[in-house]
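Participant: Before we start, here is the structure in question, set down as structure tokens.
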Amino acid sequence: MSSIAAAQGLWEPVGTYLNTASFGLPPRPAWDALQVALDDWRTGRTSWEQWGESTEAARGSFARLAGVERSTIAVGATVSGLVGLVAASLPDGSQVLAPDIEFTSTLFPFLVQTDRGVTVRTVPAAELAGAIDKWTDVVAFSAVQMATGEVADLDAITEAARAHGALTLVDATQACGWLPLEGYGFDIVVAAGYKWLLSPRGTAYMSVAPDRLAEIVPAAAGWYAGEDVHASYFGGPLRLAADARRLDTSPAWHSWVGAAPALALLEEIGAEAIHAHDLALANRFRSGLGLEPGNSAIVFVDAPDAALRLERAGIRAAVRGGRVRTSWHLYNTGADVDRALEALT
């Protein structure tokens, strides 16, 4: 296992980067692998099959990071594309429960199904577990909310969903990579790779519990969803993979070339170590702002002119809902905390 201190030399941010919740920075092995692949593409030095191998390596890493079996993982390009398969497969008249601030890539795929009688009920994120009832067919929510940094009460939500037989669909985009998720037993976990997983955009994952797989229609199936990918280039009959690969879409090769080394590094460091590091920095920052400790690597700032002050100090953050959002990850240090606090206070 690599130490975080040793791994930090693999990044070279300009200034202080506190915006992982928008997109993560690639470690040097991921960047270098991508440059080699792009040059191979430019010069025609190789065929594409080795790029496809990166997709399979990333699939395996994500399974281990999420604490699920590799055979349950489907790969795609976006969260909304994967969630859309689930939403389109719901029976007519299904009832979906979601937080009222849910990210639209998780929410919109269900909202567009209303012409089939699918209804979507929203409640405050903190009230989600208590709102699950016997009429709830699906609970769709983010493990960590991008709009507030709020970490969902995963234990309470999964317990309530099981008690009422509701399917749990968890968007782990703002969680996987820093928040350990093993052991919760969600029905479906979906995540984009370009944030806390430090990968190029165009990489996304969906884990589907084996007893739920038959409920999802592989409406986007192509050659990469075949049982034998290289024997599925043309012609019938339909011969889909027996496991979750039947939900795969053809990978954007170079994105996955960059993803595989990034996820391998996260695996090597370990989810528990990353969680402790990120949370320690976030809480040190909270303390400097006079806030109580929290359980999220995302911290919002309400100080006057906060965005301008950080920008002038060469600190990259984001503004969401009129507030400054900072997000703390592997390449950040205590010096970054001190620099941000100095700029704000």
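By convention here, the chains of the structure tokens are called A, B, ... in the order presented, each chain's residues are numbered starting at 1, and ligands are numbered starting at 1 in the order presented.
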Excluding segment 303-317 of chain A and any residue of its chain fewer than 6 positions from it, enumerate the residues within 12 Å of it, using only C-alpha atoms, and give them as an MDAnalysis selection string.
Facilitator: chainID A and resid 13:24 289:291 323:328 332 336:345
Participant: Just want the 6 Å neighbourhood of Ala125 of chain A, counted on only C-alpha atoms, with same-chain residues fewer than 2 positions away dropped. Output as a PyMOL selection string.
Facilitator: chain A and resi 99+127-128
Participant: Write the selection just made, keeping N, CA and C atoms, as an mmCIF file, in the first residue's frame?
Facilitator:
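Generated file (again-v1.cif):
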```cif
data_model
loop_
_atom_site.group_PDB
_atom_site.id
_atom_site.type_symbol
_atom_site.label_atom_id
_atom_site.label_comp_id
_atom_site.auth_asym_id
_atom_site.auth_seq_id
_atom_site.Cartn_x
_atom_site.Cartn_y
_atom_site.Cartn_z
ATOM 1 N N PRO A 99 -34.355 12.750 -3.137
ATOM 2 C CA PRO A 99 -34.174 14.034 -2.456
ATOM 3 C C PRO A 99 -34.559 15.193 -3.366
ATOM 4 N N GLU A 127 -34.665 13.706 5.215
ATOM 5 C CA GLU A 127 -35.911 13.018 5.556
ATOM 6 C C GLU A 127 -36.165 11.795 4.679
ATOM 7 N N LEU A 128 -35.188 11.420 3.866
ATOM 8 C CA LEU A 128 -35.425 10.382 2.863
ATOM 9 C C LEU A 128 -35.807 9.041 3.496
#
```
Participant: If you count only C-alpha atoms, which residues fall within 7 Å of segment 208-222 of chain A, apart from same-chain ones fewer than 5 positions away, as a list in words?
Facilitator: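 Near neighbours after the sequence-gap exclusion: Thr72, Ile73, Leu85, Val86, Ser89, Asp187, Ile188, Val189, Ala244, Arg246, Leu247, Asp248 and Thr249 of chain A.
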Participant: Just the selected residues (C-alpha atoms), exported as a CSV table (one decimal), in the first residue's frame, please.
Facilitator:
```csv
chain,number,residue,atom,x,y,z
A,72,THR,CA,-22.1,-7.1,-11.3
A,73,ILE,CA,-20.4,-4.1,-13.0
A,85,LEU,CA,-31.7,2.0,-18.5
A,86,VAL,CA,-33.1,1.5,-15.1
A,89,SER,CA,-37.3,-0.5,-17.4
A,187,ASP,CA,-29.4,-2.8,-5.4
A,188,ILE,CA,-27.8,-0.5,-7.9
A,189,VAL,CA,-24.7,1.8,-7.5
A,244,ALA,CA,-24.0,-7.2,-15.9
A,246,ARG,CA,-25.0,-7.1,-21.0
A,247,LEU,CA,-25.7,-3.4,-20.0
A,248,ASP,CA,-22.3,-2.2,-21.3
A,249,THR,CA,-21.9,0.3,-24.0
```
Participant: What's the separation between atom CA of Ala74 of chain A and atom CA of Val138 of chain A, in Å to one decimal place?
Facilitator: 19.7 Å
Participant: So that I can see what lies close to Leu198 of chain A, please list as a PyMOL selection string the residues with an atom at most 7 Å from it, counting only C-alpha atoms and leaving out residues fewer than 4 positions away in the same chain.
Facilitator: chain A and resi 24-26+193-194+262
Participant: Using only C-alpha atoms, which residue out of A:Leu181, A:Ala335, A:Ala318, A:Ala280 lies closest to Ala66 of chain A?
Facilitator: A:Leu181
Participant: Calculated over only C-alpha atoms, which of the candidates A:Gly236, A:Pro29, A:Gly202, A:Gly81 has the smallest distance to Leu265 of chain A?
Facilitator: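 Selected residue with least distance to Leu265 of chain A: A:Pro29.
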Participant: Give me every alpha helix (DSSP H) residue in segment 100-247 of chain A, going by DSSP on the backbone, as a PyMOL selection string.
Facilitator: chain A and resi 104-111+128-131+154-164
Participant: Hey, can you check how far atom CA of Leu281 of chain A sits from atom CA of Trp178 of chain A?
Facilitator: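 Computing it gives 12.4 Å between the two atoms.
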Participant: With only C-alpha atoms as the atoms that count, which of A:Thr55, A:Asn283, A:Thr148, A:Ser250 lies nearest to Gly321 of chain A?
Facilitator: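 Closest candidate: A:Thr148.
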Participant: Can you measure atom CA of Trp196 of chain A to atom CA of Leu179 of chain A for me? One decimal in Å is fine.
Facilitator: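 Separation between atom CA of Trp196 of chain A and atom CA of Leu179 of chain A: 9.6 Å.
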Participant: Between A:Ala175, A:Val257, A:Gln95, A:Phe141, single out the one closest to Leu107 of chain A, counting only C-alpha atoms.
Facilitator: A:Phe141
Participant: Neighbouring residues of Val83 of chain A were defined as those with any atom within 9 Å, considering only C-alpha atoms; residues of the same chain fewer than 5 positions away were excluded. Please report them as a list in words.
Facilitator: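 Listed by chain and then number, they are Thr78, Ala88, Ser105, Thr106, Leu107, Pro109, Phe110, Leu169, Val190 and Met206 of chain A.
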Participant: Please save all heavy atoms of the selected residues as an mmCIF file, in the first residue's frame.
Facilitator:
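What landed in result.cif:
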```
data_model
loop_
_atom_site.group_PDB
_atom_site.id
_atom_site.type_symbol
_atom_site.label_atom_id
_atom_site.label_comp_id
_atom_site.auth_asym_id
_atom_site.auth_seq_id
_atom_site.Cartn_x
_atom_site.Cartn_y
_atom_site.Cartn_z
ATOM 1 N N THR A 78 -21.773 7.816 -19.092
ATOM 2 C CA THR A 78 -22.358 8.817 -18.209
ATOM 3 C C THR A 78 -23.287 8.173 -17.200
ATOM 4 O O THR A 78 -23.824 7.079 -17.425
ATOM 5 C CB THR A 78 -23.177 9.860 -19.001
ATOM 6 O OG1 THR A 78 -24.286 9.199 -19.630
ATOM 7 C CG2 THR A 78 -22.327 10.563 -20.059
ATOM 8 N N ALA A 88 -36.110 3.443 -17.633
ATOM 9 C CA ALA A 88 -36.937 3.009 -18.763
ATOM 10 C C ALA A 88 -37.475 1.596 -18.576
ATOM 11 O O ALA A 88 -38.440 1.216 -19.237
ATOM 12 C CB ALA A 88 -36.132 3.094 -20.054
ATOM 13 N N SER A 105 -28.721 14.236 -13.199
ATOM 14 C CA SER A 105 -28.385 13.023 -13.939
ATOM 15 C C SER A 105 -29.009 11.790 -13.305
ATOM 16 O O SER A 105 -29.204 10.767 -13.973
ATOM 17 C CB SER A 105 -26.865 12.852 -14.011
ATOM 18 O OG SER A 105 -26.297 13.808 -14.880
ATOM 19 N N THR A 106 -29.319 11.871 -12.024
ATOM 20 C CA THR A 106 -30.025 10.791 -11.336
ATOM 21 C C THR A 106 -31.525 11.004 -11.354
ATOM 22 O O THR A 106 -32.297 10.040 -11.420
ATOM 23 C CB THR A 106 -29.534 10.684 -9.879
ATOM 24 O OG1 THR A 106 -28.124 10.508 -9.887
ATOM 25 C CG2 THR A 106 -30.174 9.519 -9.140
ATOM 26 N N LEU A 107 -31.958 12.250 -11.330
ATOM 27 C CA LEU A 107 -33.383 12.570 -11.221
ATOM 28 C C LEU A 107 -34.107 12.602 -12.572
ATOM 29 O O LEU A 107 -35.195 12.025 -12.732
ATOM 30 C CB LEU A 107 -33.534 13.923 -10.523
ATOM 31 C CG LEU A 107 -34.936 14.351 -10.120
ATOM 32 C CD1 LEU A 107 -35.550 13.370 -9.129
ATOM 33 C CD2 LEU A 107 -34.889 15.753 -9.513
ATOM 34 N N PRO A 109 -33.719 11.057 -15.507
ATOM 35 C CA PRO A 109 -34.115 9.821 -16.182
ATOM 36 C C PRO A 109 -35.443 9.251 -15.678
ATOM 37 O O PRO A 109 -36.158 8.586 -16.441
ATOM 38 C CB PRO A 109 -32.953 8.871 -15.868
ATOM 39 C CG PRO A 109 -31.778 9.770 -15.708
ATOM 40 C CD PRO A 109 -32.325 10.979 -15.008
ATOM 41 N N PHE A 110 -35.775 9.513 -14.407
ATOM 42 C CA PHE A 110 -37.064 9.059 -13.883
ATOM 43 C C PHE A 110 -38.177 10.045 -14.237
ATOM 44 O O PHE A 110 -39.300 9.628 -14.548
ATOM 45 C CB PHE A 110 -36.974 8.877 -12.367
ATOM 46 C CG PHE A 110 -36.060 7.770 -11.948
ATOM 47 C CD1 PHE A 110 -34.806 8.045 -11.429
ATOM 48 C CD2 PHE A 110 -36.441 6.444 -12.082
ATOM 49 C CE1 PHE A 110 -33.948 7.025 -11.059
ATOM 50 C CE2 PHE A 110 -35.596 5.405 -11.706
ATOM 51 C CZ PHE A 110 -34.337 5.704 -11.201
ATOM 52 N N LEU A 169 -31.277 2.786 -5.591
ATOM 53 C CA LEU A 169 -30.346 3.225 -6.634
ATOM 54 C C LEU A 169 -29.538 4.379 -6.068
ATOM 55 O O LEU A 169 -30.084 5.431 -5.755
ATOM 56 C CB LEU A 169 -31.079 3.644 -7.899
ATOM 57 C CG LEU A 169 -30.184 4.005 -9.092
ATOM 58 C CD1 LEU A 169 -30.862 3.656 -10.413
ATOM 59 C CD2 LEU A 169 -29.762 5.465 -9.090
ATOM 60 N N VAL A 190 -24.264 3.549 -9.042
ATOM 61 C CA VAL A 190 -23.781 4.145 -10.286
ATOM 62 C C VAL A 190 -22.828 5.278 -9.939
ATOM 63 O O VAL A 190 -22.998 5.964 -8.925
ATOM 64 C CB VAL A 190 -24.967 4.634 -11.151
ATOM 65 C CG1 VAL A 190 -25.758 5.712 -10.436
ATOM 66 C CG2 VAL A 190 -24.497 5.115 -12.514
ATOM 67 N N MET A 206 -21.847 1.033 -13.305
ATOM 68 C CA MET A 206 -23.086 0.719 -12.609
ATOM 69 C C MET A 206 -23.030 -0.719 -12.118
ATOM 70 O O MET A 206 -22.883 -1.650 -12.901
ATOM 71 C CB MET A 206 -24.305 0.905 -13.507
ATOM 72 C CG MET A 206 -25.628 0.665 -12.775
ATOM 73 S SD MET A 206 -27.084 1.247 -13.678
ATOM 74 C CE MET A 206 -27.151 0.054 -15.031
#
```
Participant: Give me the residues within 10 Å of Tyr233 of chain A as a short mmCIF file (atom, residue, chain, number, x, y, z; two decimals) with C-alpha atoms, in the first residue's frame, counting only C-alpha atoms and dropping any in the same chain fewer than 5 places off.
Facilitator:
```
data_model
loop_
_atom_site.label_atom_id
_atom_site.label_comp_id
_atom_site.auth_asym_id
_atom_site.auth_seq_id
_atom_site.Cartn_x
_atom_site.Cartn_y
_atom_site.Cartn_z
CA GLY A 222 -24.13 -3.39 -28.92
CA TRP A 223 -21.10 -5.53 -29.65
CA TYR A 224 -19.48 -4.74 -26.30
CA GLY A 226 -21.95 -9.60 -26.10
CA ASP A 228 -17.89 -12.96 -26.34
#
```
Participant: Applying 8 Å and only C-alpha atoms, which residues near segment 32-38 of chain A remain after dropping the ones on its own chain fewer than 3 positions away? List them as a list in words.
Facilitator: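 The residues satisfying every condition are Arg28, Pro29, Trp41, Arg42, Trp51, His254, Ser255, Val257, Gly258 and Pro261 of chain A.
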Participant: Among segment 141-295 of chain A, which ones does DSSP assign to strand (DSSP E) (computed from the backbone)? Answer as a list in words.
Facilitator: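 Here are the strand (DSSP E) residues of segment 141-295 of chain A: Phe141, Ser142, Leu167, Thr168, Leu169, Val170, Asp171, Ile188, Val189, Val190, Ala191, Ala192, Ala204, Tyr205, Met206, Ser207 and Val208 of chain A.
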Participant: Which one is closest to Arg320 of chain A: A:Ser296, A:Met146, A:Ala7, A:His277? Count only C-alpha atoms.
Facilitator: A:Met146
